[in-house]
>>> print(open('input.cif').read())   # mmCIF, C-alpha atoms
data_model
loop_
_atom_site.label_atom_id
_atom_site.label_comp_id
_atom_site.auth_asym_id
_atom_site.auth_seq_id
_atom_site.Cartn_x
_atom_site.Cartn_y
_atom_site.Cartn_z
CA MET D 579 78.86 -20.07 -15.90
CA ILE D 580 75.96 -18.22 -14.25
CA LEU D 581 77.16 -14.81 -15.42
CA LEU D 582 77.87 -16.11 -18.93
CA THR D 583 74.39 -17.62 -19.23
CA ALA D 584 72.83 -14.41 -17.89
CA ALA D 585 74.76 -12.30 -20.40
CA CYS D 586 73.87 -14.55 -23.35
CA CYS D 587 70.16 -14.58 -22.52
CA GLY D 588 70.10 -10.84 -21.86
CA LEU D 589 71.89 -9.95 -25.09
CA LEU D 590 69.67 -12.34 -27.06
CA LEU D 591 66.45 -10.74 -25.80
CA GLN D 592 67.88 -7.29 -26.40
CA TYR D 593 68.80 -8.29 -29.97
CA LEU D 594 65.22 -9.52 -30.46
CA GLU D 595 64.07 -6.06 -29.25
CA VAL D 596 62.16 -7.44 -26.29
CA PRO D 597 61.28 -4.53 -23.97
CA LEU D 598 63.78 -4.47 -21.11
CA GLY D 599 65.35 -7.51 -22.76
CA ALA D 600 68.84 -7.23 -21.23
CA LEU D 601 67.53 -7.07 -17.66
CA ILE D 602 64.80 -9.71 -18.04
CA GLY D 603 67.00 -12.06 -20.04
CA ALA D 604 69.81 -11.82 -17.48
CA ILE D 605 67.39 -12.61 -14.63
CA PHE D 606 65.96 -15.60 -16.50
CA GLY D 607 69.37 -16.92 -17.61
CA ALA D 608 70.97 -16.60 -14.17
CA ALA D 609 67.98 -18.24 -12.46
CA ILE D 610 68.02 -21.23 -14.83
CA ALA D 611 71.80 -21.66 -14.51
CA THR D 612 71.62 -21.42 -10.71
CA LEU D 613 68.80 -23.96 -10.46
CA ILE D 614 70.66 -26.40 -12.72
CA GLN D 615 74.19 -26.20 -11.34
CA GLY D 616 73.60 -24.70 -7.90
CA GLY D 617 75.89 -22.07 -6.46
CA GLY D 618 75.94 -19.28 -3.95
CA GLY D 619 75.05 -16.39 -6.26
CA LEU D 620 77.22 -13.84 -8.03
CA HIS D 621 79.90 -11.78 -6.32
CA LEU D 622 78.53 -8.63 -4.67
CA ALA D 623 81.02 -6.50 -6.60
CA LEU D 624 79.25 -7.34 -9.87
CA ARG D 625 75.90 -6.02 -8.66
CA CYS D 626 77.58 -2.95 -7.14
CA THR D 627 79.27 -2.20 -10.48
CA GLY D 628 75.95 -2.45 -12.29
CA GLN D 629 74.30 -0.18 -9.74
CA VAL D 630 76.96 2.52 -10.03
CA ILE D 631 76.63 2.59 -13.83
CA ALA D 632 72.83 2.65 -13.64
CA GLY D 633 72.91 5.35 -10.96
CA ILE D 634 75.08 7.64 -13.10
CA ALA D 635 72.95 7.07 -16.21
CA ILE D 636 69.73 7.78 -14.31
CA GLY D 637 71.14 10.74 -12.38
CA LEU D 638 72.16 12.49 -15.62
CA ASN D 639 68.44 12.94 -16.35
CA PHE D 640 68.00 15.27 -13.36
CA VAL D 641 68.28 18.58 -15.19
CA PRO D 642 66.94 21.66 -13.32
CA ALA D 643 63.56 21.71 -15.10
CA ALA D 644 62.89 18.05 -14.23
CA VAL D 645 63.86 18.52 -10.58
CA ASP D 646 61.62 21.60 -10.25
CA GLN D 647 58.71 19.62 -11.65
CA MET D 648 59.22 16.85 -9.09
CA VAL D 649 59.32 19.33 -6.20
CA ALA D 650 55.86 20.45 -7.28
CA TYR D 651 54.64 16.83 -6.93
CA SER D 652 56.16 16.25 -3.49
CA ALA D 653 52.78 15.74 -1.79
CA LEU D 654 51.78 13.06 -4.30
CA ILE D 655 55.15 11.33 -3.92
CA LEU D 656 54.75 11.18 -0.14
CA ALA D 657 51.17 9.92 -0.48
CA ALA D 658 52.41 7.12 -2.73
CA ALA D 659 55.05 6.16 -0.14
CA VAL D 660 52.42 5.95 2.60
CA MET D 661 50.16 3.89 0.35
CA SER D 662 52.97 1.44 -0.44
CA VAL D 663 53.53 0.79 3.28
CA ALA D 664 49.79 0.35 3.84
CA SER D 665 49.52 -2.16 0.98
CA GLY D 666 52.48 -4.07 2.46
CA LEU D 667 50.68 -4.33 5.80
CA ALA D 668 47.59 -5.72 4.08
CA MET D 669 49.79 -8.23 2.24
CA MET D 670 51.36 -9.27 5.57
CA ALA D 671 48.05 -10.63 6.82
CA LEU D 672 47.68 -12.71 3.64
CA VAL D 673 51.22 -14.12 3.80
CA THR D 674 50.93 -14.94 7.52
CA ARG D 675 47.73 -16.91 6.98
CA LEU D 676 48.48 -18.66 3.68
CA GLY D 677 52.26 -18.98 3.99
CA LYS D 678 52.16 -20.39 7.53
CA VAL D 679 54.99 -18.17 8.78
CA ASP D 680 55.42 -16.05 11.88
CA ARG D 681 54.37 -12.40 11.84
CA THR D 682 57.92 -11.09 12.00
CA THR D 683 58.93 -12.98 8.86
CA ALA D 684 55.71 -11.96 7.12
CA PHE D 685 56.14 -8.30 8.08
CA PHE D 686 59.67 -7.93 6.72
CA SER D 687 58.81 -10.06 3.68
CA THR D 688 55.97 -7.79 2.61
CA THR D 689 57.42 -4.37 3.50
CA PRO D 690 58.52 -3.03 0.08
CA GLY D 691 62.07 -2.12 1.09
CA GLY D 692 65.47 -3.35 -0.05
CA VAL D 693 66.32 -7.06 -0.13
CA ALA D 694 69.40 -6.77 2.09
CA GLU D 695 67.91 -4.24 4.51
CA MET D 696 64.72 -6.21 5.17
CA SER D 697 66.66 -9.48 5.55
CA VAL D 698 68.98 -7.94 8.15
CA LEU D 699 66.07 -6.48 10.12
CA ALA D 700 64.21 -9.79 10.02
CA GLU D 701 67.23 -11.60 11.47
CA ARG D 702 67.64 -8.93 14.16
CA TYR D 703 64.05 -9.36 15.36
CA GLY D 704 63.90 -13.16 15.17
CA GLY D 705 62.42 -13.71 11.70
CA ASP D 706 63.59 -16.04 8.94
CA SER D 707 66.04 -13.91 6.94
CA ALA D 708 66.34 -16.50 4.13
CA LEU D 709 62.59 -16.44 3.48
CA VAL D 710 62.54 -12.65 3.67
CA GLY D 711 65.34 -12.36 1.12
CA LEU D 712 63.57 -14.79 -1.19
CA ALA D 713 60.25 -12.92 -0.87
CA GLN D 714 61.84 -9.52 -1.51
CA THR D 715 63.70 -10.83 -4.56
CA LEU D 716 60.57 -12.50 -5.89
CA ARG D 717 58.63 -9.24 -5.46
CA VAL D 718 61.12 -7.32 -7.58
CA LEU D 719 61.23 -10.11 -10.16
CA LEU D 720 57.44 -10.22 -10.55
CA VAL D 721 57.24 -6.45 -10.95
CA VAL D 722 60.03 -6.39 -13.56
CA PHE D 723 58.33 -9.12 -15.58
CA LEU D 724 54.68 -8.13 -15.22
CA VAL D 725 54.44 -4.34 -15.08
CA PRO D 726 56.28 -3.48 -18.35
CA ALA D 727 54.48 -6.35 -20.10
CA GLY D 728 51.14 -5.12 -18.77
CA LEU D 729 51.81 -1.57 -19.95
CA GLY D 730 52.65 -2.89 -23.40
CA LEU D 731 49.51 -5.05 -23.61
CA MET D 732 47.34 -2.10 -22.60
CA GLY D 733 48.98 0.03 -25.26
CA TRP D 734 50.20 2.57 -22.70
CA HIS D 735 53.52 4.19 -23.55
CA GLY D 736 55.67 6.92 -22.10
CA THR D 737 56.01 10.36 -23.64
CA VAL D 738 59.77 10.70 -23.06
CA PRO D 739 61.95 9.60 -25.98
CA VAL D 740 64.13 6.58 -25.21
CA ALA D 741 67.02 8.19 -27.07
CA ALA D 742 67.38 11.85 -26.21
CA ALA D 743 69.44 14.31 -28.22
CA PRO D 744 72.91 12.81 -28.52
CA VAL D 745 75.56 14.08 -26.15
CA PRO D 746 79.16 13.91 -27.37
CA PHE D 747 81.06 11.07 -25.72
CA ALA D 748 83.52 12.66 -23.29
CA PRO D 749 85.65 9.85 -21.80
CA HIS D 750 87.62 12.10 -19.45
CA ALA D 751 84.50 13.73 -18.01
CA LEU D 752 82.78 10.35 -17.70
CA ALA D 753 85.84 8.92 -15.92
CA ALA D 754 85.77 11.83 -13.46
CA VAL D 755 82.05 11.30 -12.79
CA THR D 756 82.66 7.57 -12.27
CA VAL D 757 85.43 8.22 -9.74
CA ALA D 758 83.18 10.70 -7.91
CA ALA D 759 80.35 8.14 -7.93
CA MET D 760 82.57 5.44 -6.44
CA LEU D 761 83.85 7.77 -3.71
CA ALA D 762 80.28 8.82 -2.88
CA SER D 763 79.21 5.15 -2.80
CA LEU D 764 82.04 4.23 -0.43
CA LEU D 765 81.11 7.12 1.87
CA LEU D 766 77.43 6.15 1.88
CA GLY D 767 78.40 2.55 2.55
CA ARG D 768 80.50 3.62 5.54
CA LEU D 769 77.42 5.44 6.84
CA HIS D 770 75.40 2.21 6.39
CA ILE D 771 73.08 3.84 3.87
CA PRO D 772 71.09 1.19 1.91
CA ASN D 773 71.57 0.99 -1.86
CA ALA D 774 74.82 2.90 -1.38
CA TRP D 775 76.28 2.06 -4.80
CA LEU D 776 73.18 3.05 -6.72
CA LEU D 777 72.76 6.22 -4.66
CA GLY D 778 76.43 7.13 -5.08
CA GLY D 779 76.00 6.99 -8.85
CA LEU D 780 72.79 8.98 -8.57
CA VAL D 781 74.46 11.69 -6.47
CA ALA D 782 77.29 12.11 -8.97
CA GLY D 783 74.98 12.05 -11.99
CA ILE D 784 72.48 14.47 -10.46
CA PHE D 785 75.25 16.91 -9.48
CA VAL D 786 76.61 17.01 -13.03
CA ALA D 787 73.18 17.27 -14.68
CA TYR D 788 71.75 19.86 -12.29
CA SER D 789 74.86 22.05 -12.19
CA GLY D 790 75.53 21.79 -15.92
CA ILE D 791 79.30 21.80 -15.34
CA ALA D 792 79.88 19.23 -18.09
CA GLU D 793 78.10 17.34 -20.85
CA VAL D 794 78.38 13.66 -20.00
CA ALA D 795 76.67 10.61 -21.47
CA VAL D 796 76.81 6.96 -20.43
CA PRO D 797 77.41 4.83 -23.57
CA GLY D 798 74.65 2.44 -24.54
CA TRP D 799 76.87 -0.59 -24.05
CA ALA D 800 77.63 0.48 -20.48
CA PHE D 801 73.94 0.85 -19.65
CA THR D 802 73.34 -2.62 -21.13
CA LEU D 803 76.18 -3.97 -18.97
CA SER D 804 74.52 -2.52 -15.87
CA GLN D 805 71.29 -4.35 -16.72
CA LEU D 806 73.14 -7.64 -17.25
CA LEU D 807 74.97 -7.35 -13.92
CA ILE D 808 71.90 -6.32 -11.91
CA GLY D 809 69.66 -8.90 -13.61
CA GLY D 810 72.24 -11.67 -13.22
CA SER D 811 72.61 -10.90 -9.50
CA LEU D 812 68.84 -11.03 -9.02
CA GLY D 813 68.40 -14.29 -10.91
CA ALA D 814 71.27 -16.00 -9.07
CA ARG D 815 69.39 -15.63 -5.78
CA PHE D 816 66.86 -18.29 -6.81
CA GLN D 817 68.62 -21.32 -5.37
CA ARG D 818 67.09 -24.79 -5.39
CA ASP D 819 67.22 -25.51 -1.65
CA LYS D 820 65.56 -22.21 -0.74
CA LEU D 821 62.74 -22.75 -3.25
CA LEU D 822 62.07 -26.30 -2.03
CA ALA D 823 61.98 -25.15 1.59
CA ALA D 824 59.37 -22.48 0.82
CA ARG D 825 56.68 -24.48 -0.98
CA ARG D 826 53.80 -22.93 0.99
CA PHE D 827 55.39 -19.54 1.46
CA LEU D 828 56.11 -18.78 -2.22
CA PRO D 829 52.50 -19.06 -3.51
CA ALA D 830 51.35 -16.77 -0.71
CA THR D 831 54.07 -14.25 -1.57
CA ILE D 832 53.17 -14.37 -5.26
CA ALA D 833 49.47 -13.86 -4.52
CA GLY D 834 50.21 -10.97 -2.18
CA THR D 835 52.57 -9.27 -4.64
CA LEU D 836 50.02 -9.55 -7.46
CA ALA D 837 47.40 -7.99 -5.19
CA VAL D 838 49.73 -5.09 -4.32
CA ILE D 839 50.53 -4.50 -8.00
CA VAL D 840 46.80 -4.24 -8.75
CA VAL D 841 46.09 -1.96 -5.77
CA MET D 842 48.99 0.38 -6.55
CA SER D 843 48.01 0.50 -10.24
CA LEU D 844 44.49 1.54 -9.26
CA PHE D 845 45.95 4.18 -6.94
CA ALA D 846 48.10 5.41 -9.84
CA ALA D 847 44.97 5.75 -11.96
CA LEU D 848 43.39 7.81 -9.16
CA LEU D 849 46.46 10.08 -8.89
CA SER D 850 46.58 10.55 -12.66
CA SER D 851 43.40 12.63 -12.48
CA TRP D 852 45.22 15.13 -10.23
CA THR D 853 48.43 15.51 -12.19
CA SER D 854 49.82 15.87 -15.69
CA ILE D 855 52.09 12.82 -15.26
CA ASP D 856 51.11 10.16 -17.79
CA LEU D 857 49.46 7.02 -16.43
CA ALA D 858 52.18 4.62 -17.58
CA THR D 859 54.84 6.58 -15.69
CA LEU D 860 52.65 6.72 -12.58
CA ILE D 861 52.01 2.98 -12.64
CA LEU D 862 55.74 2.31 -12.80
CA SER D 863 56.38 4.95 -10.13
CA LEU D 864 54.02 3.22 -7.71
CA ALA D 865 54.91 -0.38 -8.60
CA PRO D 866 56.44 -2.26 -5.63
CA GLY D 867 59.79 -2.89 -7.32
CA GLY D 868 63.37 -1.96 -6.50
CA ILE D 869 64.63 1.54 -7.27
CA ALA D 870 67.40 0.31 -9.60
CA GLU D 871 65.15 -2.01 -11.58
CA MET D 872 62.27 0.46 -11.85
CA SER D 873 64.52 3.34 -12.89
CA ILE D 874 66.17 1.18 -15.55
CA THR D 875 62.72 0.13 -16.75
CA ALA D 876 61.64 3.77 -17.03
CA LYS D 877 64.75 4.72 -18.99
CA SER D 878 64.40 1.71 -21.31
CA LEU D 879 60.67 2.23 -21.99
CA GLY D 880 60.80 5.97 -22.55
CA LEU D 881 58.90 6.81 -19.37
CA GLY D 882 59.65 9.71 -17.03
CA VAL D 883 62.85 8.38 -15.45
CA VAL D 884 63.19 11.35 -13.06
CA THR D 885 59.60 10.91 -11.90
CA VAL D 886 59.98 7.17 -11.36
CA THR D 887 63.30 7.56 -9.56
CA CYS D 888 61.95 10.28 -7.25
CA PHE D 889 58.88 8.23 -6.30
CA HIS D 890 60.95 5.16 -5.49
CA LEU D 891 63.71 7.08 -3.74
CA VAL D 892 61.21 8.75 -1.39
CA ARG D 893 59.51 5.38 -0.83
CA ILE D 894 62.78 3.71 0.17
CA VAL D 895 63.76 6.55 2.53
CA PHE D 896 60.26 6.64 4.05
CA ILE D 897 60.27 2.87 4.59
CA LEU D 898 63.70 2.96 6.22
CA LEU D 899 62.45 5.60 8.64
CA VAL D 900 59.16 3.93 9.59
CA THR D 901 59.85 0.17 9.37
CA VAL D 902 61.31 -0.43 12.82
CA PRO D 903 58.90 1.92 14.71
CA LEU D 904 55.98 0.39 12.82
CA TYR D 905 57.15 -3.15 13.62
CA ARG D 906 57.49 -2.30 17.31
CA LEU D 907 54.03 -0.71 17.32
CA LEU D 908 52.44 -3.76 15.69
CA THR D 909 54.23 -6.07 18.11
CA ARG D 910 52.97 -4.04 21.04
CA ILE D 911 49.40 -4.10 19.71
CA SER D 912 49.63 -7.85 19.13
CA ARG D 913 50.80 -8.45 22.69
CA HIS D 914 47.97 -6.36 24.13
CA ALA D 915 45.44 -8.19 21.96
CA SER D 916 46.67 -11.59 23.15
CA HIS D 917 46.27 -10.72 26.86
#
>>> encode(input="input.cif", output="structure tokens")
Amino acid sequence: MILLTAACCGLLLQYLEVPLGALIGAIFGAAIATLIQGGGGLHLALRCTGQVIAGIAIGLNFVPAAVDQMVAYSALILAAAVMSVASGLAMMALVTRLGKVDRTTAFFSTTPGGVAEMSVLAERYGGDSALVGLAQTLRVLLVVFLVPAGLGLMGWHGTVPVAAAPVPFAPHALAAVTVAAMLASLLLGRLHIPNAWLLGGLVAGIFVAYSGIAEVAVPGWAFTLSQLLIGGSLGARFQRDKLLAARRFLPATIAGTLAVIVVMSLFAALLSSWTSIDLATLILSLAPGGIAEMSITAKSLGLGVVTVTCFHLVRIVFILLVTVPLYRLLTRISRHASH
């Protein structure tokens, strides 16, 4: 029922030509269905399937010229990653005070990493993993709804065509890439790499695009399916009991996320004066959303999908490397301050 409602809402908004309609409609439909009938969310395999498809479709944009351009912007990409962590720390203070939660829960709720990864770390260090998962999901949801809408209202558009030159549909080549993506995803999962299914698709797609060994295209219906599955999985996380138990925490999280969106948008405007990347692409590149959702948004809105994916990929890797050391450092400082 949840998946059916998500698919119907997503396809309806796409038919009405709403920007990012399949993803947004699926989130909205799944959330409404979950709140009405309850349930424990959609099966993990559905989200993983959507991520593999999206990863392949996004990875196929990484042709040599695009990759070379991103290497030239490596310093800006790293600066954006550092800024995203700093904005999360500022948001932590707001959530701790207004949301009336402990610092551990607030820290992992506001660090712009993956939903699953931050929830697991919160549980490991004594935080409330349910609240962290809800906050991380809400962050992604707000970004998906607000940032594309804001770009449209401001009249800012990407310079990359949504539909590139058509590539002949090659089912055998696409099947081979899909098998390679699944094998890569399984390997990354065994290594406990976050976002393994999305990254596995990315690895396979990037290899094909960069090497030029074959001309492969993901059909439009498959890319729509990936949005429906990812959006439905996100929306199904909004369960009634969790929302009722977080009446003070949710407004604080919303306020903090809105503040981070504004701060990162202003930082994007600052960076735009130092680079040829268009402002709309930079805003999406720095938005505190998930890598899958932001890359899909870039592809759907005709923004620089390689640029957006690179920014978010570096951010995720950077956050995974610094989150635990940073948490331990803050805990140590807090203990010294209390003595």
>>> resolve_selection(input="input.cif", expression="the PyMOL selection byres ((chain D and resi 858) around 12)", output="NGL selection string")
:D and (725-738 or 843-844 or 846-847 or 849-850 or 854-857 or 859-865 or 875-876 or 879-883 or 885-886)
>>> write_last_selection(input="input.cif", atoms="C-alpha atoms", output="PDB file, in the coordinates of the input")
ATOM      1  CA  VAL D 725      54.440  -4.340 -15.080  1.00  0.00           C
ATOM      2  CA  PRO D 726      56.280  -3.480 -18.350  1.00  0.00           C
ATOM      3  CA  ALA D 727      54.480  -6.350 -20.100  1.00  0.00           C
ATOM      4  CA  GLY D 728      51.140  -5.120 -18.770  1.00  0.00           C
ATOM      5  CA  LEU D 729      51.810  -1.570 -19.950  1.00  0.00           C
ATOM      6  CA  GLY D 730      52.650  -2.890 -23.400  1.00  0.00           C
ATOM      7  CA  LEU D 731      49.510  -5.050 -23.610  1.00  0.00           C
ATOM      8  CA  MET D 732      47.340  -2.100 -22.600  1.00  0.00           C
ATOM      9  CA  GLY D 733      48.980   0.030 -25.260  1.00  0.00           C
ATOM     10  CA  TRP D 734      50.200   2.570 -22.700  1.00  0.00           C
ATOM     11  CA  HIS D 735      53.520   4.190 -23.550  1.00  0.00           C
ATOM     12  CA  GLY D 736      55.670   6.920 -22.100  1.00  0.00           C
ATOM     13  CA  THR D 737      56.010  10.360 -23.640  1.00  0.00           C
ATOM     14  CA  VAL D 738      59.770  10.700 -23.060  1.00  0.00           C
ATOM     15  CA  SER D 843      48.010   0.500 -10.240  1.00  0.00           C
ATOM     16  CA  LEU D 844      44.490   1.540  -9.260  1.00  0.00           C
ATOM     17  CA  ALA D 846      48.100   5.410  -9.840  1.00  0.00           C
ATOM     18  CA  ALA D 847      44.970   5.750 -11.960  1.00  0.00           C
ATOM     19  CA  LEU D 849      46.460  10.080  -8.890  1.00  0.00           C
ATOM     20  CA  SER D 850      46.580  10.550 -12.660  1.00  0.00           C
ATOM     21  CA  SER D 854      49.820  15.870 -15.690  1.00  0.00           C
ATOM     22  CA  ILE D 855      52.090  12.820 -15.260  1.00  0.00           C
ATOM     23  CA  ASP D 856      51.110  10.160 -17.790  1.00  0.00           C
ATOM     24  CA  LEU D 857      49.460   7.020 -16.430  1.00  0.00           C
ATOM     25  CA  THR D 859      54.840   6.580 -15.690  1.00  0.00           C
ATOM     26  CA  LEU D 860      52.650   6.720 -12.580  1.00  0.00           C
ATOM     27  CA  ILE D 861      52.010   2.980 -12.640  1.00  0.00           C
ATOM     28  CA  LEU D 862      55.740   2.310 -12.800  1.00  0.00           C
ATOM     29  CA  SER D 863      56.380   4.950 -10.130  1.00  0.00           C
ATOM     30  CA  LEU D 864      54.020   3.220  -7.710  1.00  0.00           C
ATOM     31  CA  ALA D 865      54.910  -0.380  -8.600  1.00  0.00           C
ATOM     32  CA  THR D 875      62.720   0.130 -16.750  1.00  0.00           C
ATOM     33  CA  ALA D 876      61.640   3.770 -17.030  1.00  0.00           C
ATOM     34  CA  LEU D 879      60.670   2.230 -21.990  1.00  0.00           C
ATOM     35  CA  GLY D 880      60.800   5.970 -22.550  1.00  0.00           C
ATOM     36  CA  LEU D 881      58.900   6.810 -19.370  1.00  0.00           C
ATOM     37  CA  GLY D 882      59.650   9.710 -17.030  1.00  0.00           C
ATOM     38  CA  VAL D 883      62.850   8.380 -15.450  1.00  0.00           C
ATOM     39  CA  THR D 885      59.600  10.910 -11.900  1.00  0.00           C
ATOM     40  CA  VAL D 886      59.980   7.170 -11.360  1.00  0.00           C
TER      41      VAL D 886
END
>>> closest_residue(input="input.cif", among="D:Val786, D:Val838, D:Ala713, D:Val679", to="Ala754 of chain D", atoms="all atoms listed in the file")
D:Val786
>>> closest_residue(input="input.cif", among="D:Ile897, D:Leu624, D:Leu812, D:Val755", to="Ala787 of chain D", atoms="all atoms listed in the file")
D:Val755
>>> atom_distance(input="input.cif", atom1="atom CA of His770 of chain D", atom2="atom CA of Leu908 of chain D")
25.5 Å
>>> atom_distance(input="input.cif", atom1="atom CA of Ile784 of chain D", atom2="atom CA of Leu601 of chain D")
23.2 Å
>>> atom_distance(input="input.cif", atom1="atom CA of Gly616 of chain D", atom2="atom CA of Leu582 of chain D")
14.6 Å
>>> axis_aligned_box(input="input.cif", around="segment 860-864 of chain D", padding_each_side="4 Å", output="AutoDock Vina command-line options")
--center_x 54.2 --center_y 4.5 --center_z -10.3 --size_x 12.4 --size_y 12.4 --size_z 13.1
>>> residues_around(input="input.cif", residues="Arg717 of chain D", least_positions_apart="2", cutoff="9 Å", atoms="only C-alpha atoms", output="JSON, numbers by chain")
{"D": [688, 690, 712, 713, 714, 715, 719, 720, 721, 722, 831, 832, 835, 836, 866, 867, 868]}
>>> resolve_selection(input="input.cif", expression="the PyMOL selection byres ((chain D and resi 773-780) around 8)", output="short mmCIF file (atom, residue, chain, number, x, y, z; two decimals) with C-alpha atoms, in the coordinates of the input")
data_model
loop_
_atom_site.label_atom_id
_atom_site.label_comp_id
_atom_site.auth_asym_id
_atom_site.auth_seq_id
_atom_site.Cartn_x
_atom_site.Cartn_y
_atom_site.Cartn_z
CA CYS D 626 77.58 -2.95 -7.14
CA THR D 627 79.27 -2.20 -10.48
CA GLN D 629 74.30 -0.18 -9.74
CA VAL D 630 76.96 2.52 -10.03
CA ILE D 631 76.63 2.59 -13.83
CA ALA D 632 72.83 2.65 -13.64
CA GLY D 633 72.91 5.35 -10.96
CA ILE D 634 75.08 7.64 -13.10
CA ALA D 635 72.95 7.07 -16.21
CA ILE D 636 69.73 7.78 -14.31
CA GLY D 637 71.14 10.74 -12.38
CA LEU D 638 72.16 12.49 -15.62
CA GLY D 692 65.47 -3.35 -0.05
CA THR D 756 82.66 7.57 -12.27
CA ALA D 759 80.35 8.14 -7.93
CA MET D 760 82.57 5.44 -6.44
CA LEU D 761 83.85 7.77 -3.71
CA ALA D 762 80.28 8.82 -2.88
CA SER D 763 79.21 5.15 -2.80
CA LEU D 764 82.04 4.23 -0.43
CA LEU D 766 77.43 6.15 1.88
CA GLY D 767 78.40 2.55 2.55
CA HIS D 770 75.40 2.21 6.39
CA ILE D 771 73.08 3.84 3.87
CA PRO D 772 71.09 1.19 1.91
CA VAL D 781 74.46 11.69 -6.47
CA ALA D 782 77.29 12.11 -8.97
CA GLY D 783 74.98 12.05 -11.99
CA ILE D 784 72.48 14.47 -10.46
CA ALA D 870 67.40 0.31 -9.60
#
>>> closest_residue(input="input.cif", among="D:Val796, D:Val718, D:Val900, D:Ile869", to="Ile839 of chain D", atoms="only C-alpha atoms")
D:Val718
>>> closest_residue(input="input.cif", among="D:Ser789, D:Gln592, D:Gln817, D:Gln647", to="Ile614 of chain D", atoms="all atoms listed in the file")
D:Gln817
>>> resolve_selection(input="input.cif", expression="the PyMOL selection byres ((chain D and resi 694-706) around 9)", output="mmCIF file with C-alpha atoms, keeping the file's coordinate frame")
data_model
loop_
_atom_site.group_PDB
_atom_site.id
_atom_site.type_symbol
_atom_site.label_atom_id
_atom_site.label_comp_id
_atom_site.auth_asym_id
_atom_site.auth_seq_id
_atom_site.Cartn_x
_atom_site.Cartn_y
_atom_site.Cartn_z
ATOM 1 C CA VAL D 679 54.990 -18.170 8.780
ATOM 2 C CA ASP D 680 55.420 -16.050 11.880
ATOM 3 C CA ARG D 681 54.370 -12.400 11.840
ATOM 4 C CA THR D 682 57.920 -11.090 12.000
ATOM 5 C CA THR D 683 58.930 -12.980 8.860
ATOM 6 C CA ALA D 684 55.710 -11.960 7.120
ATOM 7 C CA PHE D 685 56.140 -8.300 8.080
ATOM 8 C CA PHE D 686 59.670 -7.930 6.720
ATOM 9 C CA SER D 687 58.810 -10.060 3.680
ATOM 10 C CA THR D 689 57.420 -4.370 3.500
ATOM 11 C CA PRO D 690 58.520 -3.030 0.080
ATOM 12 C CA GLY D 691 62.070 -2.120 1.090
ATOM 13 C CA GLY D 692 65.470 -3.350 -0.050
ATOM 14 C CA VAL D 693 66.320 -7.060 -0.130
ATOM 15 C CA SER D 707 66.040 -13.910 6.940
ATOM 16 C CA ALA D 708 66.340 -16.500 4.130
ATOM 17 C CA LEU D 709 62.590 -16.440 3.480
ATOM 18 C CA VAL D 710 62.540 -12.650 3.670
ATOM 19 C CA GLY D 711 65.340 -12.360 1.120
ATOM 20 C CA GLN D 714 61.840 -9.520 -1.510
ATOM 21 C CA PRO D 772 71.090 1.190 1.910
ATOM 22 C CA ASN D 773 71.570 0.990 -1.860
ATOM 23 C CA LEU D 898 63.700 2.960 6.220
ATOM 24 C CA VAL D 902 61.310 -0.430 12.820
#
>>> residues_around(input="input.cif", residues="Thr612 of chain D", least_positions_apart="6", cutoff="10 Å", atoms="all atoms listed in the file", output="PyMOL selection string")
chain D and resi 579-581+583+606+618-620+813-818
